[in-house]
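Data block for upload-v9.cif (mmCIF, C-alpha atoms and all ligand atoms):
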```cif
data_work
#
loop_
_atom_site.label_atom_id
_atom_site.label_comp_id
_atom_site.auth_asym_id
_atom_site.auth_seq_id
_atom_site.Cartn_x
_atom_site.Cartn_y
_atom_site.Cartn_z
CA MET A 1 0.00 0.00 0.00
CA ALA A 2 1.15 3.53 -0.79
CA SER A 3 2.01 5.29 2.44
CA VAL A 4 1.28 8.87 3.32
CA ASP A 5 3.48 10.99 5.59
CA HIS A 6 1.35 12.46 8.39
CA ARG A 7 4.00 14.49 10.18
CA PHE A 8 2.34 17.76 9.18
CA SER A 9 -1.06 18.34 7.62
CA VAL A 10 -3.47 21.16 6.92
CA ALA A 11 -6.93 20.42 8.32
CA PRO A 12 -10.08 19.88 6.28
CA MET A 13 -12.10 23.10 6.54
CA MET A 14 -15.52 23.58 4.92
CA ASP A 15 -15.68 26.57 2.60
CA TRP A 16 -11.96 27.22 3.20
CA THR A 17 -9.84 24.34 1.88
CA ASP A 18 -11.36 24.31 -1.59
CA ARG A 19 -9.19 23.47 -4.57
CA HIS A 20 -7.97 27.05 -5.04
CA CYS A 21 -6.85 27.18 -1.43
CA ARG A 22 -5.11 23.84 -1.69
CA PHE A 23 -3.28 24.80 -4.87
CA PHE A 24 -2.09 27.97 -3.12
CA HIS A 25 -0.99 26.11 0.01
CA ARG A 26 0.98 23.71 -2.12
CA LEU A 27 3.06 26.61 -3.42
CA LEU A 28 4.15 27.26 0.19
CA THR A 29 4.96 23.68 1.21
CA ARG A 30 5.77 20.62 -0.87
CA ARG A 31 5.51 18.19 2.02
CA ALA A 32 2.42 18.99 4.09
CA LEU A 33 -0.48 16.63 3.54
CA ILE A 34 -3.56 18.65 2.62
CA TYR A 35 -7.21 17.74 3.04
CA THR A 36 -10.31 18.60 1.05
CA GLU A 37 -13.40 20.05 2.66
CA MET A 38 -15.78 17.36 3.93
CA ILE A 39 -17.89 15.94 1.10
CA THR A 40 -20.88 13.77 1.98
CA THR A 41 -21.46 10.36 0.49
CA ALA A 42 -24.88 11.54 -0.75
CA ALA A 43 -23.28 14.42 -2.64
CA ILE A 44 -20.75 12.13 -4.30
CA ILE A 45 -23.24 9.44 -5.18
CA HIS A 46 -25.92 11.81 -6.55
CA GLY A 47 -23.97 14.97 -7.42
CA ASP A 48 -21.61 16.36 -10.03
CA ARG A 49 -18.46 14.37 -9.28
CA ALA A 50 -16.14 16.26 -11.56
CA ARG A 51 -17.04 19.51 -9.78
CA LEU A 52 -16.98 18.04 -6.26
CA LEU A 53 -13.85 15.92 -6.58
CA GLY A 54 -11.81 17.58 -9.32
CA TYR A 55 -8.39 18.88 -8.29
CA GLU A 56 -5.04 19.83 -9.77
CA PRO A 57 -2.30 17.17 -9.94
CA ALA A 58 0.02 19.68 -8.22
CA GLU A 59 -2.04 19.33 -5.02
CA HIS A 60 -0.60 15.89 -4.18
CA PRO A 61 -0.35 14.61 -1.51
CA VAL A 62 -4.05 15.35 -0.98
CA ALA A 63 -6.60 13.49 1.13
CA LEU A 64 -10.34 13.35 0.48
CA GLN A 65 -12.50 13.78 3.57
CA LEU A 66 -15.84 11.97 3.50
CA GLY A 67 -18.93 12.55 5.65
CA GLY A 68 -21.24 9.60 6.10
CA CYS A 69 -22.09 6.63 8.28
CA ASP A 70 -23.23 3.90 5.90
CA PRO A 71 -20.41 1.41 5.34
CA ARG A 72 -21.58 0.54 1.81
CA ALA A 73 -21.94 4.13 0.68
CA LEU A 74 -18.59 5.01 2.25
CA ALA A 75 -16.91 2.06 0.56
CA GLU A 76 -18.34 3.17 -2.79
CA CYS A 77 -17.23 6.78 -2.27
CA ALA A 78 -13.79 5.71 -1.08
CA ARG A 79 -13.40 3.80 -4.33
CA ILE A 80 -14.55 6.78 -6.36
CA GLY A 81 -12.05 8.96 -4.48
CA ALA A 82 -9.25 6.47 -5.08
CA ASP A 83 -10.14 6.36 -8.78
CA PHE A 84 -9.87 10.16 -8.87
CA GLY A 85 -6.31 9.70 -7.60
CA TYR A 86 -6.62 10.94 -4.02
CA ASP A 87 -3.78 9.79 -1.77
CA GLU A 88 -5.92 9.00 1.29
CA ILE A 89 -9.56 8.72 2.32
CA ASN A 90 -10.50 10.28 5.66
CA LEU A 91 -13.77 9.88 7.56
CA ASN A 92 -15.13 12.86 9.52
CA VAL A 93 -16.10 11.94 13.08
CA GLY A 94 -15.54 15.41 14.47
CA CYS A 95 -18.08 17.78 12.96
CA PRO A 96 -20.85 18.76 15.39
CA SER A 97 -23.21 20.75 13.12
CA ASP A 98 -26.99 20.11 13.30
CA ARG A 99 -27.12 19.26 9.63
CA VAL A 100 -24.50 16.59 10.13
CA GLN A 101 -26.23 15.25 13.26
CA GLU A 102 -29.48 14.84 11.33
CA GLY A 103 -27.56 12.64 8.89
CA ARG A 104 -26.25 10.77 11.97
CA PHE A 105 -22.61 11.27 11.06
CA GLY A 106 -19.78 13.57 12.10
CA ALA A 107 -19.03 13.86 15.83
CA CYS A 108 -22.13 11.93 16.94
CA LEU A 109 -20.40 8.80 15.62
CA MET A 110 -18.09 9.03 18.65
CA ALA A 111 -20.98 7.24 20.42
CA GLU A 112 -20.91 4.39 17.88
CA PRO A 113 -17.36 3.03 17.71
CA ALA A 114 -18.47 -0.36 16.35
CA LEU A 115 -20.25 1.30 13.41
CA VAL A 116 -17.18 3.45 12.67
CA GLY A 117 -15.07 0.29 12.77
CA ASP A 118 -17.43 -1.25 10.19
CA CYS A 119 -17.14 1.87 8.03
CA VAL A 120 -13.33 1.74 8.12
CA ALA A 121 -13.28 -1.98 7.36
CA ALA A 122 -15.65 -1.51 4.41
CA MET A 123 -13.58 1.32 2.95
CA LYS A 124 -10.31 -0.54 3.45
CA ALA A 125 -11.72 -3.58 1.70
CA ASN A 126 -12.48 -1.42 -1.34
CA VAL A 127 -9.32 0.68 -1.79
CA ALA A 128 -5.54 0.26 -1.72
CA ILE A 129 -4.83 3.76 -0.37
CA PRO A 130 -4.72 4.65 3.36
CA VAL A 131 -8.03 5.11 5.20
CA THR A 132 -7.93 7.43 8.20
CA VAL A 133 -10.42 8.86 10.70
CA LYS A 134 -10.63 12.32 12.28
CA CYS A 135 -12.37 12.39 15.66
CA ARG A 136 -12.72 14.25 18.97
CA ILE A 137 -11.66 13.00 22.42
CA GLY A 138 -15.35 12.52 23.25
CA ILE A 139 -18.80 14.07 23.04
CA ASP A 140 -21.29 15.42 25.56
CA GLU A 141 -21.16 13.54 28.88
CA GLN A 142 -18.65 10.94 27.68
CA ASP A 143 -15.54 10.45 29.80
CA PRO A 144 -12.66 11.00 27.32
CA GLU A 145 -10.55 8.39 29.11
CA LEU A 146 -13.11 5.76 28.12
CA SER A 147 -14.63 7.17 24.94
CA LEU A 148 -11.34 7.74 23.13
CA ASP A 149 -9.99 4.31 24.09
CA ALA A 150 -13.18 2.56 22.96
CA PHE A 151 -13.08 4.48 19.72
CA ALA A 152 -9.38 3.86 19.07
CA THR A 153 -9.79 0.14 19.80
CA ALA A 154 -12.60 -0.15 17.26
CA VAL A 155 -10.80 1.68 14.47
CA ALA A 156 -7.47 -0.02 15.22
CA GLN A 157 -9.16 -3.41 14.92
CA ALA A 158 -10.44 -2.31 11.53
CA LYS A 159 -6.81 -1.47 10.65
CA VAL A 160 -7.25 2.26 10.28
CA ASP A 161 -4.07 3.84 8.89
CA ALA A 162 -4.09 6.87 11.20
CA LEU A 163 -6.34 8.47 13.79
CA ILE A 164 -6.41 12.26 13.81
CA VAL A 165 -7.68 13.56 17.14
CA HIS A 166 -9.04 17.07 17.63
CA ALA A 167 -7.99 17.31 21.25
CA ARG A 168 -11.24 18.58 22.73
CA LYS A 169 -14.76 17.32 23.26
CA ALA A 170 -17.69 18.35 21.07
CA TRP A 171 -20.97 19.33 22.72
CA LEU A 172 -23.71 18.31 20.33
CA LYS A 173 -26.41 20.40 22.02
CA GLY A 174 -25.96 23.97 23.17
CA LEU A 175 -22.79 24.97 21.30
CA SER A 176 -22.55 26.14 17.69
CA PRO A 177 -19.96 24.46 15.43
CA ARG A 178 -17.79 27.54 15.84
CA GLU A 179 -18.03 27.47 19.65
CA ASN A 180 -17.25 23.78 19.52
CA ARG A 181 -13.86 24.70 18.05
CA ASP A 182 -12.99 27.00 20.95
CA VAL A 183 -15.07 26.47 24.07
CA PRO A 184 -14.42 22.85 25.15
CA PRO A 185 -10.91 22.91 26.64
CA LEU A 186 -7.97 21.41 24.76
CA ASP A 187 -6.44 18.31 26.32
CA TYR A 188 -3.21 17.45 24.48
CA ASP A 189 -2.17 15.11 27.28
CA ARG A 190 -5.15 12.89 26.48
CA VAL A 191 -3.84 12.51 22.92
CA PHE A 192 -0.27 11.86 24.12
CA ARG A 193 -1.63 9.15 26.46
CA LEU A 194 -3.54 7.61 23.54
CA LYS A 195 -0.32 7.30 21.55
CA ALA A 196 1.50 5.81 24.54
CA ALA A 197 -1.27 3.25 25.03
CA TYR A 198 -1.51 2.37 21.30
CA PRO A 199 2.08 2.59 20.10
CA LYS A 200 1.31 0.84 16.79
CA LEU A 201 -1.55 3.21 15.94
CA SER A 202 -0.50 6.27 13.97
CA VAL A 203 -1.86 9.21 16.00
CA VAL A 204 -2.10 12.79 14.72
CA LEU A 205 -2.83 15.67 17.09
CA ASN A 206 -5.11 18.54 16.06
CA GLY A 207 -6.57 21.60 17.73
CA GLY A 208 -5.20 25.00 18.67
CA VAL A 209 -1.72 24.44 17.26
CA ALA A 210 -0.46 27.99 16.84
CA SER A 211 2.86 27.66 15.06
CA VAL A 212 4.94 25.25 13.02
CA GLU A 213 7.61 25.32 15.75
CA GLN A 214 5.01 24.13 18.25
CA ALA A 215 3.86 21.42 15.83
CA ALA A 216 7.45 20.20 15.39
CA SER A 217 7.91 20.08 19.17
CA PHE A 218 5.07 17.53 19.49
CA LEU A 219 6.54 15.04 17.06
CA ASP A 220 8.36 13.11 19.79
CA ARG A 221 4.99 12.25 21.38
CA VAL A 222 2.67 11.79 18.38
CA ASP A 223 3.14 10.74 14.76
CA GLY A 224 1.89 13.98 13.29
CA VAL A 225 0.27 17.34 13.81
CA MET A 226 -2.65 18.83 11.86
CA MET A 227 -3.01 22.61 11.75
CA GLY A 228 -6.26 24.31 10.76
CA ARG A 229 -7.03 27.94 11.41
CA ALA A 230 -3.45 29.10 12.00
CA ALA A 231 -2.47 27.74 8.58
CA TYR A 232 -5.46 29.22 6.80
CA GLN A 233 -5.47 32.61 8.45
CA GLU A 234 -1.70 33.08 8.19
CA PRO A 235 -0.61 30.94 5.26
CA TRP A 236 2.98 32.27 5.46
CA ARG A 237 3.38 29.75 8.29
CA LEU A 238 3.29 26.96 5.70
CA MET A 239 6.62 28.21 4.34
CA GLN A 240 8.14 26.95 7.59
CA VAL A 241 6.84 23.39 7.26
CA ASP A 242 9.38 21.93 4.84
CA PRO A 243 12.42 23.39 6.68
CA LEU A 244 11.28 22.87 10.28
CA VAL A 245 9.45 19.54 9.99
CA PHE A 246 11.11 17.83 7.04
CA GLY A 247 14.58 19.40 7.01
CA GLU A 248 14.14 20.49 3.40
CA ALA A 249 14.21 23.88 1.71
CA ALA A 250 10.91 25.73 1.38
CA PRO A 251 9.59 25.88 -2.21
CA VAL A 252 9.76 29.68 -2.10
CA ALA A 253 12.08 31.88 -0.06
CA GLN A 254 9.64 34.79 0.07
CA ALA A 255 5.87 34.88 0.31
CA LYS A 256 5.67 37.28 -2.64
CA ALA A 257 7.09 34.55 -4.87
CA ALA A 258 4.16 32.30 -3.98
CA VAL A 259 1.68 34.94 -5.15
CA GLU A 260 3.61 35.32 -8.40
CA ALA A 261 3.64 31.54 -8.82
CA MET A 262 -0.14 31.52 -8.37
CA MET A 263 -0.72 33.93 -11.27
CA PRO A 264 -0.65 31.44 -14.20
CA TYR A 265 -3.15 29.27 -12.28
CA ILE A 266 -5.36 32.30 -11.68
CA GLU A 267 -5.25 33.24 -15.37
CA ARG A 268 -6.30 29.71 -16.32
CA GLU A 269 -9.15 29.73 -13.81
CA LEU A 270 -10.35 33.20 -14.85
CA ALA A 271 -10.64 31.87 -18.39
CA HIS A 272 -13.04 29.26 -16.97
CA GLU A 273 -15.23 31.91 -15.32
CA THR A 274 -13.84 31.52 -11.78
CA ARG A 275 -14.05 34.87 -9.98
CA LEU A 276 -10.76 36.44 -8.91
CA ALA A 277 -11.97 36.93 -5.33
CA SER A 278 -12.77 33.25 -4.88
CA MET A 279 -9.06 32.58 -5.33
CA THR A 280 -7.51 35.64 -3.69
CA ARG A 281 -9.66 35.30 -0.54
CA HIS A 282 -7.35 32.51 0.57
CA MET A 283 -4.33 34.82 0.38
CA LEU A 284 -5.53 37.67 2.57
CA GLY A 285 -3.44 36.71 5.62
CA LEU A 286 -0.26 35.85 3.70
CA PHE A 287 1.62 38.99 4.65
CA ARG A 288 0.31 39.50 8.18
CA GLY A 289 2.65 41.78 10.09
CA VAL A 290 4.62 42.81 7.00
CA PRO A 291 4.64 46.49 5.88
CA GLY A 292 2.03 46.90 3.14
CA ALA A 293 -0.08 43.93 4.27
CA ARG A 294 -3.07 46.13 5.04
CA ALA A 295 -3.00 47.75 1.59
CA PHE A 296 -2.65 44.28 0.02
CA ARG A 297 -5.81 43.16 1.79
CA ARG A 298 -7.67 46.40 1.06
CA VAL A 299 -7.02 46.26 -2.69
CA LEU A 300 -8.13 42.64 -2.83
CA ALA A 301 -11.20 43.24 -0.66
CA THR A 302 -12.43 46.17 -2.74
CA GLU A 303 -11.20 45.38 -6.27
CA ALA A 304 -10.98 41.60 -6.62
CA VAL A 305 -14.72 41.27 -5.99
CA LYS A 306 -15.62 43.47 -8.98
CA PRO A 307 -16.96 41.71 -12.09
CA GLY A 308 -14.21 41.15 -14.62
CA ALA A 309 -11.36 41.68 -12.11
CA GLY A 310 -8.18 40.09 -13.42
CA VAL A 311 -4.59 39.36 -12.35
CA ALA A 312 -3.71 43.05 -12.71
CA VAL A 313 -5.63 43.60 -9.45
CA LEU A 314 -3.50 41.02 -7.69
CA ALA A 315 -0.32 42.56 -9.12
CA GLU A 316 -1.48 45.97 -7.88
CA ALA A 317 -2.16 44.58 -4.40
CA LEU A 318 1.22 42.87 -4.34
CA ALA A 319 3.06 46.05 -5.28
CA HIS A 320 2.15 47.47 -1.84
CA VAL A 321 3.98 44.74 0.06
CA VAL A 322 7.55 44.85 1.34
CA ASP A 323 8.34 41.17 1.56
CA THR A 324 10.45 39.49 4.19
CA PRO A 325 11.30 35.81 4.41
CA ALA A 326 9.09 33.72 6.71
CA VAL A 327 12.02 31.43 7.34
CA PRO A 328 15.51 32.53 8.30
CA ALA A 329 17.72 32.73 5.23
CA HIS A 330 20.04 29.95 6.43
CA ILE A 331 17.11 27.48 6.39
CA ALA A 332 15.35 28.63 3.22
CA ALA A 333 16.32 27.68 -0.31
C1 LIG A 401 -14.12 27.13 8.74
C2 LIG A 401 -13.87 25.73 9.29
C3 LIG A 401 -14.42 24.64 8.65
C4 LIG A 401 -14.18 23.34 9.12
N1 LIG A 401 -14.65 22.27 8.40
C5 LIG A 401 -14.29 21.00 8.77
C6 LIG A 401 -14.58 19.89 7.95
O1 LIG A 401 -15.15 19.99 6.84
N2 LIG A 401 -14.18 18.66 8.39
C7 LIG A 401 -13.53 18.48 9.59
O2 LIG A 401 -13.17 17.36 9.94
N3 LIG A 401 -13.23 19.53 10.36
C8 LIG A 401 -13.57 20.78 9.97
N4 LIG A 401 -13.17 21.85 10.73
C9 LIG A 401 -12.38 21.61 11.94
C10 LIG A 401 -10.88 21.64 11.62
O3 LIG A 401 -10.54 20.60 10.72
C11 LIG A 401 -10.04 21.49 12.91
O4 LIG A 401 -10.34 20.25 13.50
C12 LIG A 401 -10.34 22.58 13.93
O5 LIG A 401 -10.39 23.86 13.31
C13 LIG A 401 -9.28 22.58 15.04
O6 LIG A 401 -7.99 22.81 14.52
P1 LIG A 401 -7.29 24.27 14.58
O7 LIG A 401 -7.43 24.75 16.00
O8 LIG A 401 -5.88 24.04 14.17
O9 LIG A 401 -8.08 25.15 13.65
C14 LIG A 401 -13.41 23.15 10.29
C15 LIG A 401 -12.86 24.26 10.93
C16 LIG A 401 -13.07 25.55 10.44
C17 LIG A 401 -12.43 26.72 11.14
#
```

Using structure tokens, write down the structure from this file.
Ligand SMILES: Cc1cc2nc3c(=O)[nH]c(=O)nc-3n(C[C@H](O)[C@H](O)[C@H](O)COP(=O)(O)O)c2cc1C
Amino acid sequence: MASVDHRFSVAPMMDWTDRHCRFFHRLLTRRALIYTEMITTAAIIHGDRARLLGYEPAEHPVALQLGGCDPRALAECARIGADFGYDEINLNVGCPSDRVQEGRFGACLMAEPALVGDCVAAMKANVAIPVTVKCRIGIDEQDPELSLDAFATAVAQAKVDALIVHARKAWLKGLSPRENRDVPPLDYDRVFRLKAAYPKLSVVLNGGVASVEQAASFLDRVDGVMMGRAAYQEPWRLMQVDPLVFGEAAPVAQAKAAVEAMMPYIERELAHETRLASMTRHMLGLFRGVPGARAFRRVLATEAVKPGAGVAVLAEALAHVVDTPAVPAHIAA
């Protein structure tokens, strides 16, 4: 089986990690594993697959995240994903939204470890690529000591290839999905104990990781770290991944070079009627803290949304920025 390196990944984020975002992130790091937004089995089975699952070859390694709870449907969608060339299939057992609860998948599956085990086994039987699960440490009144162990045992028996743990509980009633990403306290020690108790299980820690340095510091206690909001909101951080986690040069020495490298892609997409703003929105935090960053954001916020806006707008925004390397020169290319 092809193996996937989980040492550093960018989290699946609905409405954020679309294909434009992923293409852009890949210009900042060659090595991070990147995830799609969650796509439900119903959407894949009944919807426009080319639109939902299409991606650029440059995005590899890229994992497809599925939402669902029916082993047969998941197995079918895993196969479809593998046929599209995704490097990994991931099952979402962490999302607490009402819509997802109605479909009886996402975080509420933390209460049904045996069913999740069946889902993993069914997917693994149907594909040759890794099958992974992303979960919480528990939900509602569950005791995370027990719930996470029961869950890990079930997915390990099904031979899951990695378990990504968002290191906080989800409260299915009373908290919005957004609050569920901040309010329940983080418990990294629970995830470290999981790895110690299941040394053969590949365990990835997620939740609240603020910097690539911090992520690298966890790699002696878990197999990998997944970063979500910090990577999306300040994508310059991704320039640190290849040097600090993999000991390799970053693909670009300066963030400005990544924007320039994005331009041919943007031109191609504009020719296919993609709006400029739907691509540049993922770049807004690239220069945070750098002189000119505010003007960069302002030009994009006001001009890129206008009908017919083209790459000239991005070039104009970029001209305001004084770039500095995100990685010290002795580490960068
Ligand atoms: C806008 C947004 C959308 C998200 N969508 C998903 C999703 O589709 N699937 C999923 O498993 N988690 C989703 N998450 C949760 C993240 O993957 C991650 O677990 C969470 O943000 C905690 O990591 P962080 O503190 O590094 O951001 C989403 C988070 C955000 C901020």

Please report, as a tab-separated table, each residue of chain A lying at most 7 Å from ligand LIG 401 (chain A), together with the nearest pair of atoms and the separation in Å rounded to one decimal; use only C-alpha atoms and all ligand atoms, and order rows by chain and ascending residue number.
```
residue	atom	partner	partner_atom	distance
A:Ala11	CA	A:LIG401	O3	4.3
A:Pro12	CA	A:LIG401	O3	4.5
A:Met13	CA	A:LIG401	N1	3.3
A:Met14	CA	A:LIG401	N1	3.8
A:Asp15	CA	A:LIG401	C1	6.4
A:Trp16	CA	A:LIG401	C1	5.9
A:Glu37	CA	A:LIG401	O1	4.5
A:Met38	CA	A:LIG401	O1	4.0
A:Asn92	CA	A:LIG401	O2	4.9
A:Val93	CA	A:LIG401	O2	6.9
A:Gly94	CA	A:LIG401	O2	5.5
A:Cys95	CA	A:LIG401	C7	5.7
A:Lys134	CA	A:LIG401	O2	6.1
A:His166	CA	A:LIG401	O4	5.4
A:Arg181	CA	A:LIG401	C12	5.8
A:Asn206	CA	A:LIG401	O6	5.4
A:Gly207	CA	A:LIG401	O7	3.7
A:Gly208	CA	A:LIG401	O7	3.5
A:Val209	CA	A:LIG401	O8	5.2
A:Met226	CA	A:LIG401	O8	6.6
A:Met227	CA	A:LIG401	O8	4.0
A:Gly228	CA	A:LIG401	O8	3.4
A:Arg229	CA	A:LIG401	O9	3.7
A:Ala230	CA	A:LIG401	O8	6.0
```

Q.
Between CA of Asp187 (chain A) and CA of Arg99 (chain A), what is the distance in Å, rounded to a tenth?
A. 26.6 Å

Q.
Could you list, as a ChimeraX atom specification, every residue within 9 Å of Cys119 (chain A), counting only C-alpha atoms and ignoring same-chain residues fewer than 6 positions away?
A. /A:68-72,74-75,91,158

Generate a file of the selected residues that holds C-alpha atoms, formatted as a CSV table (one decimal), in the coordinates of the input.
```
chain,number,residue,atom,x,y,z
A,68,GLY,CA,-21.2,9.6,6.1
A,69,CYS,CA,-22.1,6.6,8.3
A,70,ASP,CA,-23.2,3.9,5.9
A,71,PRO,CA,-20.4,1.4,5.3
A,72,ARG,CA,-21.6,0.5,1.8
A,74,LEU,CA,-18.6,5.0,2.2
A,75,ALA,CA,-16.9,2.1,0.6
A,91,LEU,CA,-13.8,9.9,7.6
A,158,ALA,CA,-10.4,-2.3,11.5
```

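Considering all atoms listed in the file, the residue among A:Cys108, A:Leu219, A:Val313, A:Met279 positioned nearest to Ala170 (chain A) is A:Cys108.
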
Q.
Residues near Ala111 (chain A), anyone? I mean within 12 Å using only C-alpha atoms, not counting same-chain ones fewer than 4 positions away, as a list in words.
A.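 The filter keeps Val93, Gly94, Gln101, Arg104, Phe105, Gly106, Ala107, Leu115, Val116, Gly117, Cys135, Arg136, Ile137, Gly138, Ile139, Asp140, Glu141, Gln142, Asp143, Pro144, Leu146, Ser147, Leu148, Asp149, Ala150, Phe151, Ala154, Ala170 and Leu172 of chain A.
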
Q.
Considering all atoms listed in the file, can you say which of A:Ala258, A:Met263, A:Leu194, A:Ala167 comes closest to Leu276 (chain A)?
A. A:Met263

Q. Of the candidates A:Val222, A:Leu244, A:Ala315, A:Ala152, which shows the shortest atom-to-atom distance to Glu112 (chain A), using only C-alpha atoms?
A. A:Ala152

Incomplete region 212-219 of chain A filled out to all heavy atoms as a JSON list (two decimals), in the coordinates of the input:
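Written file, rebuild-v7.json:
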```json
[["chain", "number", "residue", "atom", "x", "y", "z"],
["A", 212, "VAL", "N", 4.27, 26.45, 13.53],
["A", 212, "VAL", "CA", 4.94, 25.25, 13.02],
["A", 212, "VAL", "C", 6.00, 24.78, 14.01],
["A", 212, "VAL", "O", 6.22, 23.57, 14.19],
["A", 212, "VAL", "CB", 5.53, 25.52, 11.62],
["A", 212, "VAL", "CG1", 6.31, 24.31, 11.10],
["A", 212, "VAL", "CG2", 4.42, 25.87, 10.64],
["A", 213, "GLU", "N", 6.64, 25.72, 14.71],
["A", 213, "GLU", "CA", 7.61, 25.32, 15.75],
["A", 213, "GLU", "C", 6.93, 24.45, 16.80],
["A", 213, "GLU", "O", 7.45, 23.43, 17.21],
["A", 213, "GLU", "CB", 8.21, 26.54, 16.47],
["A", 213, "GLU", "CG", 9.17, 27.37, 15.66],
["A", 213, "GLU", "CD", 8.49, 28.54, 14.99],
["A", 213, "GLU", "OE1", 7.26, 28.45, 14.70],
["A", 213, "GLU", "OE2", 9.16, 29.55, 14.74],
["A", 214, "GLN", "N", 5.74, 24.90, 17.24],
["A", 214, "GLN", "CA", 5.01, 24.13, 18.25],
["A", 214, "GLN", "C", 4.66, 22.74, 17.70],
["A", 214, "GLN", "O", 4.82, 21.73, 18.38],
["A", 214, "GLN", "CB", 3.74, 24.88, 18.65],
["A", 214, "GLN", "CG", 3.01, 24.23, 19.81],
["A", 214, "GLN", "CD", 1.61, 24.82, 20.05],
["A", 214, "GLN", "OE1", 1.05, 25.49, 19.18],
["A", 214, "GLN", "NE2", 1.06, 24.55, 21.22],
["A", 215, "ALA", "N", 4.20, 22.71, 16.44],
["A", 215, "ALA", "CA", 3.86, 21.42, 15.83],
["A", 215, "ALA", "C", 5.08, 20.50, 15.85],
["A", 215, "ALA", "O", 5.00, 19.34, 16.25],
["A", 215, "ALA", "CB", 3.38, 21.63, 14.39],
["A", 216, "ALA", "N", 6.23, 21.03, 15.44],
["A", 216, "ALA", "CA", 7.45, 20.20, 15.39],
["A", 216, "ALA", "C", 7.81, 19.68, 16.77],
["A", 216, "ALA", "O", 8.29, 18.55, 16.92],
["A", 216, "ALA", "CB", 8.60, 21.00, 14.78],
["A", 217, "SER", "N", 7.53, 20.49, 17.80],
["A", 217, "SER", "CA", 7.91, 20.08, 19.17],
["A", 217, "SER", "C", 7.07, 18.92, 19.68],
["A", 217, "SER", "O", 7.42, 18.27, 20.66],
["A", 217, "SER", "CB", 7.79, 21.27, 20.13],
["A", 217, "SER", "OG", 6.43, 21.50, 20.46],
["A", 218, "PHE", "N", 5.93, 18.65, 19.04],
["A", 218, "PHE", "CA", 5.07, 17.53, 19.49],
["A", 218, "PHE", "C", 5.45, 16.20, 18.86],
["A", 218, "PHE", "O", 4.92, 15.15, 19.22],
["A", 218, "PHE", "CB", 3.61, 17.81, 19.14],
["A", 218, "PHE", "CG", 2.98, 18.94, 19.94],
["A", 218, "PHE", "CD1", 1.94, 19.69, 19.40],
["A", 218, "PHE", "CD2", 3.41, 19.23, 21.22],
["A", 218, "PHE", "CE1", 1.36, 20.72, 20.12],
["A", 218, "PHE", "CE2", 2.84, 20.26, 21.95],
["A", 218, "PHE", "CZ", 1.81, 21.01, 21.41],
["A", 219, "LEU", "N", 6.34, 16.25, 17.86],
["A", 219, "LEU", "CA", 6.54, 15.04, 17.06],
["A", 219, "LEU", "C", 7.30, 13.94, 17.79],
["A", 219, "LEU", "O", 7.43, 12.83, 17.27],
["A", 219, "LEU", "CB", 7.24, 15.39, 15.73],
["A", 219, "LEU", "CG", 6.34, 16.21, 14.78],
["A", 219, "LEU", "CD1", 7.10, 16.59, 13.52],
["A", 219, "LEU", "CD2", 5.07, 15.44, 14.43]]
```
